[in-house]
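What follows is a short report on a single structure.
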Amino acid sequence: MTAPALLANLIAYSIQVMVVVAVGAALVRVTRLRAPSALLAWWRLLLLASVVLPLLQPWAGPPVRMSGGTIDATDGAGSQAVVVPWAGAIVFALAAGVALRLMRLVRGLARLRRWRQGAAAAEDRLDAAAIAGAEGDAGAKARLCLTHEIDVPATYGTWRPIVLLPQRTLSLPPASQCDVLRHELRHVRRGDWSRALAEELIAALLWFHPAVAWLRSRIRLARELVVDAEVVARTGERRRYLETLLAFAQADGVPPPAAALFSPPHLESRVDALMKEDTMTRARTWAALAASAAAVALAGATVVAALPLRSSGGGAAAAPKGARERKVVQKVQPTYPAEAKKAGIEGNVVLDVLITAAGDVSDVKAVKGPEELRESAAAAVRQWKYEAGPADTRATLTIRYLLDKKDDPER
């Protein structure tokens, strides 16, 4: 697939994702969905839908081809269009951004390893009863480490999970230490690290899309809210748990580059959620999720139909027999370049153009003709407007440059 075609697909895909996420976010407000577990499931569903959108839609084939005829260019004055394509450079920049984000992720993992190696074992310094109580409630165990490198607790690892605890944990009372450990070990029990890592990979691949970054932040917050709710439901000590959260309120968080691997504290939102009771019944929650999913599916189908992704298909398809060729409704006359006219250069410039269904000329390539005349022909055709059609169309245009005999220095 050529760079312009790839860029066109990326733009169409980005708009598709933006519509899906925007509709999904609006429905959360409309339905007043507040249950942490429902929100987490919903945000994850939107992220999954965004990732698999290219697989869920039928890719449109290459545009049909029609002959565009021959247009004579005069050697009089005319307007000049601004040339903008730079498709290859844009695609390269996007790919470079992906590489940089992946490198940042790798650096974060390396930083975690160094932290673990420099951390001190916490089992002998924390309250033994608090550790035992947290492990029993969470149904999970992990290696506990104390470090000066972070200001808020963090958990990572799948097969050998590690809980990194800031030094300030030692100043908390045993009950609060137990709450901290319950929270982190709940993450271990739920396998949140693997999911968080997968989300970071998706965010790295789609780093250029603000909707994906926003979704990732919503998922991070919802994950913390779910675990907060589980701990409070287990202990029944909402006030004490709030005080434990506030003990970390002045923390600066995890420094980069490992910051991307952990959820930011979101303390204000978490405290606010714990102060409010969710009054929506389970049945209403499921009904809201089902209705929202149907609405998002409809919005997705609509935007996919309006902006389909296109396969390269090995070339443009021929126009069906009997199909009516599209007419030009707005034409800009090519300007005869002064230097070419002075040098006595004339001839035919053959252009391969893509005409969108709306009638705009979005891709122009000069495939034949004098180099001195190609840009003039392409610049003019980019400003043309065709009648709307049922699908994108490729056309071959020939711009014929002829010098007036009285201006030809050889005549």
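To be explicit about the labels: the chains of the structure tokens are called A, B, and onward in the order shown, and within each one the residues are counted from 1, while ligands get numbers from 1 in the order they are shown.
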Give me the residues within 9 Å of Gly389 (chain A) as a ChimeraX atom specification, counting only C-alpha atoms and dropping any in the same chain fewer than 5 places off.
/A:326,356-359
From region 118-280 of chain A, collect each residue whose DSSP state is strand (DSSP E) and return the set as a ChimeraX atom specification.
/A:120-121,143-147,154-156,162-166
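Taking CA of Gln330 (chain A) and CA of Arg382 (chain A) as the two end points, the separation is 10.9 Å.
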Taking only C-alpha atoms into account, which of A:Asn348, A:Thr169, A:Thr302, A:Ser269 comes nearest Asp228 (chain A)?
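Checking each of A:Asn348, A:Thr169, A:Thr302, A:Ser269 against Asp228 (chain A), counting only C-alpha atoms, the winner is A:Ser269.
Around Met18 (chain A), within 10 Å and counting only C-alpha atoms, the residues found are A:Ala12, A:Tyr13, A:Ser14, A:Ile15, A:Val21, A:Ala22, A:Val23, A:Gly24, A:Ser50, A:His209, A:Pro210, A:Ala211, A:Val212, A:Gly300, A:Val303, once anything fewer than 3 positions away on its own chain is removed.
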Write the residues of the selection above to a file with C-alpha atoms, as an mmCIF file, in the first residue's frame.
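Okay, part.cif is ready:
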data_model
loop_
_atom_site.group_PDB
_atom_site.id
_atom_site.type_symbol
_atom_site.label_atom_id
_atom_site.label_comp_id
_atom_site.auth_asym_id
_atom_site.auth_seq_id
_atom_site.Cartn_x
_atom_site.Cartn_y
_atom_site.Cartn_z
ATOM 1 C CA ALA A 12 -10.461 7.478 8.136
ATOM 2 C CA TYR A 13 -9.686 5.061 10.982
ATOM 3 C CA SER A 14 -8.904 7.932 13.373
ATOM 4 C CA ILE A 15 -12.256 9.549 12.624
ATOM 5 C CA VAL A 21 -15.334 6.959 21.731
ATOM 6 C CA ALA A 22 -17.236 10.260 21.700
ATOM 7 C CA VAL A 23 -20.605 8.504 21.457
ATOM 8 C CA GLY A 24 -19.587 6.016 24.157
ATOM 9 C CA SER A 50 -11.357 0.861 18.620
ATOM 10 C CA HIS A 209 -4.966 9.607 18.769
ATOM 11 C CA PRO A 210 -6.265 11.729 21.682
ATOM 12 C CA ALA A 211 -9.360 9.559 22.126
ATOM 13 C CA VAL A 212 -7.210 6.494 22.831
ATOM 14 C CA GLY A 300 -19.732 2.893 14.293
ATOM 15 C CA VAL A 303 -19.128 6.311 10.248
#
Looking at only C-alpha atoms, which of A:Val271, A:Glu325, A:Trp115, A:Leu6 is the one that sits closest to Ala89 (chain A)?
A:Leu6
Expressed in Å, the length from CA of Arg190 (chain A) to CA of Gly118 (chain A) is 26.8 Å
I'd like the interatomic distance between CA of Ala154 (chain A) and CA of Leu112 (chain A), to a tenth of an Å.
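Separation of CA of Ala154 (chain A) and CA of Leu112 (chain A): 10.4 Å.
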Within 12 Å of Leu225 (chain A), counting only C-alpha atoms, which residues qualify if same-chain residues fewer than 2 places away don't, as a VMD selection string?
chain A and resid 34 to 40 183 186 to 187 218 to 223 227 to 232 245 263 265 to 276
With N, CA and C atoms retained, write the just-selected residues as an mmCIF file, in the first residue's frame.
data_model
loop_
_atom_site.group_PDB
_atom_site.id
_atom_site.type_symbol
_atom_site.label_atom_id
_atom_site.label_comp_id
_atom_site.auth_asym_id
_atom_site.auth_seq_id
_atom_site.Cartn_x
_atom_site.Cartn_y
_atom_site.Cartn_z
ATOM 1 N N ARG A 34 -22.409 4.836 36.934
ATOM 2 C CA ARG A 34 -21.403 5.185 37.924
ATOM 3 C C ARG A 34 -20.760 3.975 38.591
ATOM 4 N N ALA A 35 -21.330 2.809 38.439
ATOM 5 C CA ALA A 35 -20.768 1.622 39.079
ATOM 6 C C ALA A 35 -19.359 1.385 38.546
ATOM 7 N N PRO A 36 -18.336 1.320 39.418
ATOM 8 C CA PRO A 36 -16.954 1.177 38.939
ATOM 9 C C PRO A 36 -16.741 -0.023 38.033
ATOM 10 N N SER A 37 -17.304 -1.172 38.403
ATOM 11 C CA SER A 37 -17.101 -2.368 37.579
ATOM 12 C C SER A 37 -17.734 -2.209 36.205
ATOM 13 N N ALA A 38 -18.915 -1.554 36.148
ATOM 14 C CA ALA A 38 -19.573 -1.326 34.859
ATOM 15 C C ALA A 38 -18.779 -0.330 34.016
ATOM 16 N N LEU A 39 -18.270 0.721 34.658
ATOM 17 C CA LEU A 39 -17.460 1.695 33.927
ATOM 18 C C LEU A 39 -16.189 1.058 33.376
ATOM 19 N N LEU A 40 -15.542 0.238 34.176
ATOM 20 C CA LEU A 40 -14.316 -0.419 33.718
ATOM 21 C C LEU A 40 -14.607 -1.310 32.515
ATOM 22 N N HIS A 183 -5.290 -3.435 48.911
ATOM 23 C CA HIS A 183 -5.498 -2.816 47.601
ATOM 24 C C HIS A 183 -4.511 -3.369 46.569
ATOM 25 N N ARG A 186 -5.060 -7.014 45.754
ATOM 26 C CA ARG A 186 -6.253 -7.188 44.914
ATOM 27 C C ARG A 186 -5.876 -7.023 43.437
ATOM 28 N N HIS A 187 -5.002 -6.087 43.159
ATOM 29 C CA HIS A 187 -4.509 -5.936 41.782
ATOM 30 C C HIS A 187 -3.820 -7.225 41.324
ATOM 31 N N ARG A 218 -9.275 6.806 31.486
ATOM 32 C CA ARG A 218 -10.546 6.375 32.100
ATOM 33 C C ARG A 218 -10.443 4.946 32.626
ATOM 34 N N ILE A 219 -9.765 4.091 31.875
ATOM 35 C CA ILE A 219 -9.601 2.702 32.308
ATOM 36 C C ILE A 219 -8.760 2.644 33.575
ATOM 37 N N ARG A 220 -7.689 3.427 33.620
ATOM 38 C CA ARG A 220 -6.831 3.448 34.810
ATOM 39 C C ARG A 220 -7.621 3.865 36.044
ATOM 40 N N LEU A 221 -8.404 4.929 35.912
ATOM 41 C CA LEU A 221 -9.194 5.396 37.048
ATOM 42 C C LEU A 221 -10.236 4.356 37.453
ATOM 43 N N ALA A 222 -10.942 3.807 36.482
ATOM 44 C CA ALA A 222 -11.982 2.816 36.795
ATOM 45 C C ALA A 222 -11.385 1.592 37.475
ATOM 46 N N ARG A 223 -10.190 1.192 37.065
ATOM 47 C CA ARG A 223 -9.545 0.036 37.704
ATOM 48 C C ARG A 223 -9.282 0.309 39.180
ATOM 49 N N VAL A 227 -11.046 -1.575 42.649
ATOM 50 C CA VAL A 227 -10.299 -2.156 43.761
ATOM 51 C C VAL A 227 -10.631 -1.429 45.065
ATOM 52 N N ASP A 228 -10.783 -0.104 45.000
ATOM 53 C CA ASP A 228 -11.192 0.637 46.194
ATOM 54 C C ASP A 228 -12.516 0.095 46.730
ATOM 55 N N ALA A 229 -13.477 -0.096 45.839
ATOM 56 C CA ALA A 229 -14.793 -0.585 46.256
ATOM 57 C C ALA A 229 -14.701 -1.987 46.849
ATOM 58 N N GLU A 230 -13.836 -2.820 46.275
ATOM 59 C CA GLU A 230 -13.682 -4.183 46.799
ATOM 60 C C GLU A 230 -13.092 -4.164 48.207
ATOM 61 N N VAL A 231 -12.103 -3.297 48.432
ATOM 62 C CA VAL A 231 -11.483 -3.227 49.759
ATOM 63 C C VAL A 231 -12.485 -2.716 50.792
ATOM 64 N N VAL A 232 -13.213 -1.670 50.448
ATOM 65 C CA VAL A 232 -14.193 -1.117 51.390
ATOM 66 C C VAL A 232 -15.302 -2.123 51.669
ATOM 67 N N LEU A 245 -6.041 6.820 51.907
ATOM 68 C CA LEU A 245 -5.828 7.450 50.601
ATOM 69 C C LEU A 245 -5.262 8.857 50.753
ATOM 70 N N SER A 263 -0.944 3.492 37.162
ATOM 71 C CA SER A 263 -2.021 4.464 37.200
ATOM 72 C C SER A 263 -1.610 5.643 38.063
ATOM 73 N N PRO A 265 -2.305 8.560 40.802
ATOM 74 C CA PRO A 265 -3.110 8.380 42.008
ATOM 75 C C PRO A 265 -4.604 8.636 41.837
ATOM 76 N N HIS A 266 -4.997 9.643 41.018
ATOM 77 C CA HIS A 266 -6.420 9.957 40.850
ATOM 78 C C HIS A 266 -7.106 10.109 42.201
ATOM 79 N N LEU A 267 -6.390 10.617 43.204
ATOM 80 C CA LEU A 267 -6.915 10.586 44.563
ATOM 81 C C LEU A 267 -8.214 11.367 44.703
ATOM 82 N N GLU A 268 -8.275 12.534 44.060
ATOM 83 C CA GLU A 268 -9.480 13.346 44.199
ATOM 84 C C GLU A 268 -10.710 12.615 43.668
ATOM 85 N N SER A 269 -10.564 12.004 42.483
ATOM 86 C CA SER A 269 -11.691 11.277 41.886
ATOM 87 C C SER A 269 -12.044 10.050 42.714
ATOM 88 N N ARG A 270 -11.038 9.390 43.236
ATOM 89 C CA ARG A 270 -11.301 8.187 44.036
ATOM 90 C C ARG A 270 -12.000 8.523 45.344
ATOM 91 N N VAL A 271 -11.568 9.596 45.993
ATOM 92 C CA VAL A 271 -12.226 10.015 47.229
ATOM 93 C C VAL A 271 -13.665 10.421 46.936
ATOM 94 N N ASP A 272 -13.864 11.149 45.838
ATOM 95 C CA ASP A 272 -15.212 11.578 45.473
ATOM 96 C C ASP A 272 -16.114 10.379 45.211
ATOM 97 N N ALA A 273 -15.593 9.354 44.539
ATOM 98 C CA ALA A 273 -16.400 8.166 44.244
ATOM 99 C C ALA A 273 -16.756 7.406 45.521
ATOM 100 N N LEU A 274 -15.797 7.341 46.459
ATOM 101 C CA LEU A 274 -16.071 6.626 47.709
ATOM 102 C C LEU A 274 -17.105 7.352 48.571
ATOM 103 N N MET A 275 -17.214 8.651 48.394
ATOM 104 C CA MET A 275 -18.173 9.426 49.182
ATOM 105 C C MET A 275 -19.596 9.304 48.640
ATOM 106 N N LYS A 276 -19.726 8.823 47.400
ATOM 107 C CA LYS A 276 -21.051 8.721 46.787
ATOM 108 C C LYS A 276 -21.488 7.262 46.700
#
Which neighbours of Ser376 (chain A) fall inside 7 Å, counting only C-alpha atoms, when residues of the same chain fewer than 4 positions from it are skipped, and could you give them as a PyMOL selection string?
chain A and resi 334-337+380
Show which residues sit within 12 Å of Glu375 (chain A), as an MDAnalysis selection string. Count only C-alpha atoms, and ignore same-chain residues fewer than 2 positions away.
chainID A and resid 80:84 334:337 340 349:351 364:373 377:382 399
Restricted to N, CA and C atoms, what would the selected residues look like written as a CSV table (one decimal), in the first residue's frame?
chain,number,residue,atom,x,y,z
A,80,GLN,N,-2.2,29.5,-9.0
A,80,GLN,CA,-1.3,28.4,-8.6
A,80,GLN,C,-1.8,27.8,-7.3
A,81,ALA,N,-1.8,26.5,-7.2
A,81,ALA,CA,-2.3,25.9,-5.9
A,81,ALA,C,-1.1,25.6,-5.0
A,82,VAL,N,-1.4,25.5,-3.8
A,82,VAL,CA,-0.4,25.1,-2.8
A,82,VAL,C,-0.2,23.6,-2.7
A,83,VAL,N,1.0,23.1,-2.8
A,83,VAL,CA,1.2,21.7,-2.8
A,83,VAL,C,1.4,21.2,-1.4
A,84,VAL,N,0.6,20.2,-1.0
A,84,VAL,CA,0.7,19.8,0.4
A,84,VAL,C,1.0,18.3,0.6
A,334,PRO,N,-4.7,25.2,-16.0
A,334,PRO,CA,-3.3,25.1,-15.7
A,334,PRO,C,-2.6,26.4,-16.2
A,335,THR,N,-1.6,26.8,-15.4
A,335,THR,CA,-0.7,27.9,-15.7
A,335,THR,C,0.5,27.4,-16.5
A,336,TYR,N,0.8,28.1,-17.6
A,336,TYR,CA,2.0,27.7,-18.3
A,336,TYR,C,3.2,28.3,-17.6
A,337,PRO,N,4.1,27.4,-17.0
A,337,PRO,CA,5.3,27.9,-16.3
A,337,PRO,C,6.1,28.9,-17.1
A,340,ALA,N,9.4,27.4,-18.4
A,340,ALA,CA,9.2,26.4,-19.5
A,340,ALA,C,8.8,27.1,-20.8
A,349,VAL,N,1.3,16.2,-20.3
A,349,VAL,CA,1.5,15.7,-19.0
A,349,VAL,C,0.4,14.8,-18.6
A,350,VAL,N,0.7,13.5,-18.3
A,350,VAL,CA,-0.3,12.5,-18.0
A,350,VAL,C,-0.4,12.4,-16.5
A,351,LEU,N,-1.6,12.6,-15.9
A,351,LEU,CA,-1.8,12.6,-14.5
A,351,LEU,C,-2.7,11.5,-14.1
A,364,VAL,N,-3.0,13.3,-6.6
A,364,VAL,CA,-2.6,13.6,-8.0
A,364,VAL,C,-1.2,13.2,-8.2
A,365,LYS,N,-0.9,12.3,-9.2
A,365,LYS,CA,0.4,11.9,-9.5
A,365,LYS,C,0.7,12.1,-11.0
A,366,ALA,N,1.8,12.8,-11.3
A,366,ALA,CA,2.2,13.0,-12.7
A,366,ALA,C,3.0,11.7,-13.1
A,367,VAL,N,2.5,11.0,-14.1
A,367,VAL,CA,3.2,9.8,-14.4
A,367,VAL,C,4.0,9.9,-15.8
A,368,LYS,N,3.8,11.0,-16.5
A,368,LYS,CA,4.4,11.1,-17.8
A,368,LYS,C,4.4,12.6,-18.2
A,369,GLY,N,5.4,13.0,-18.9
A,369,GLY,CA,5.5,14.4,-19.4
A,369,GLY,C,6.7,15.1,-19.0
A,370,PRO,N,7.0,16.3,-19.6
A,370,PRO,CA,8.2,17.1,-19.2
A,370,PRO,C,8.1,17.4,-17.7
A,371,GLU,N,9.3,17.3,-17.1
A,371,GLU,CA,9.4,17.6,-15.7
A,371,GLU,C,9.0,19.1,-15.4
A,372,GLU,N,9.3,20.0,-16.3
A,372,GLU,CA,9.1,21.4,-16.1
A,372,GLU,C,7.6,21.7,-16.1
A,373,LEU,N,6.8,20.8,-16.6
A,373,LEU,CA,5.4,21.1,-16.7
A,373,LEU,C,4.5,20.4,-15.7
A,377,ALA,N,0.6,21.3,-13.9
A,377,ALA,CA,-0.6,20.5,-14.2
A,377,ALA,C,-1.2,20.0,-13.0
A,378,ALA,N,-0.4,19.4,-12.1
A,378,ALA,CA,-0.9,18.8,-10.8
A,378,ALA,C,-1.5,19.9,-9.9
A,379,ALA,N,-0.9,21.0,-9.8
A,379,ALA,CA,-1.4,22.1,-9.0
A,379,ALA,C,-2.8,22.6,-9.4
A,380,ALA,N,-3.0,22.7,-10.7
A,380,ALA,CA,-4.3,23.1,-11.2
A,380,ALA,C,-5.4,22.0,-10.9
A,381,VAL,N,-5.1,20.8,-11.2
A,381,VAL,CA,-6.1,19.7,-11.1
A,381,VAL,C,-6.5,19.5,-9.7
A,382,ARG,N,-5.5,19.7,-8.7
A,382,ARG,CA,-5.9,19.6,-7.3
A,382,ARG,C,-7.1,20.5,-6.9
A,399,ILE,N,-2.9,16.7,-19.7
A,399,ILE,CA,-2.8,18.1,-19.9
A,399,ILE,C,-1.9,18.4,-21.0
Going by DSSP on the backbone, which bits of region 32-246 of chain A are helix (DSSP H, G or I)? Write them as a PyMOL selection string, please.
chain A and resi 36-56+87-118+128-138+167-171+174-190+192-205+210-235+238-246
Skipping near chain neighbours, those fewer than 6 positions away, what residues fall within 9 Å of region 288-290 of chain A using only C-alpha atoms, listed as an mmCIF file with N, CA and C atoms, in the first residue's frame?
data_model
loop_
_atom_site.group_PDB
_atom_site.id
_atom_site.type_symbol
_atom_site.label_atom_id
_atom_site.label_comp_id
_atom_site.auth_asym_id
_atom_site.auth_seq_id
_atom_site.Cartn_x
_atom_site.Cartn_y
_atom_site.Cartn_z
ATOM 1 N N LEU A 27 -22.787 8.653 26.166
ATOM 2 C CA LEU A 27 -23.812 7.746 26.707
ATOM 3 C C LEU A 27 -23.597 7.476 28.193
ATOM 4 N N VAL A 28 -22.351 7.497 28.646
ATOM 5 C CA VAL A 28 -22.095 7.340 30.074
ATOM 6 C C VAL A 28 -22.743 8.482 30.855
ATOM 7 N N THR A 31 -26.757 8.059 30.567
ATOM 8 C CA THR A 31 -27.304 6.973 31.393
ATOM 9 C C THR A 31 -26.918 7.086 32.855
ATOM 10 N N ARG A 32 -25.999 8.040 33.181
ATOM 11 C CA ARG A 32 -25.526 8.246 34.546
ATOM 12 C C ARG A 32 -24.941 6.962 35.138
ATOM 13 N N LEU A 33 -24.156 6.304 34.319
ATOM 14 C CA LEU A 33 -23.495 5.069 34.751
ATOM 15 C C LEU A 33 -22.368 5.416 35.715
ATOM 16 N N ALA A 38 -18.915 -1.554 36.148
ATOM 17 C CA ALA A 38 -19.573 -1.326 34.859
ATOM 18 C C ALA A 38 -18.779 -0.330 34.016
ATOM 19 N N TRP A 42 -17.067 -1.000 30.422
ATOM 20 C CA TRP A 42 -17.463 -0.172 29.286
ATOM 21 C C TRP A 42 -16.272 0.478 28.607
#
Closest contacts (region 153-214 of chain A/region 235-240 of chain A, max 12 Å, only C-alpha atoms) as CSV:
residue,atom,partner,partner_atom,distance
A:Leu172,CA,A:Arg240,CA,11.4
A:Pro173,CA,A:Arg240,CA,10.6
A:Pro174,CA,A:Arg240,CA,11.6
A:Ala175,CA,A:Arg240,CA,8.4
A:Ser176,CA,A:Arg240,CA,7.2
A:Gln177,CA,A:Arg240,CA,10.9
A:Cys178,CA,A:Thr235,CA,10.2
A:Asp179,CA,A:Thr235,CA,8.6
A:Val180,CA,A:Arg240,CA,11.1
A:Arg182,CA,A:Thr235,CA,9.8
A:His183,CA,A:Thr235,CA,11.4
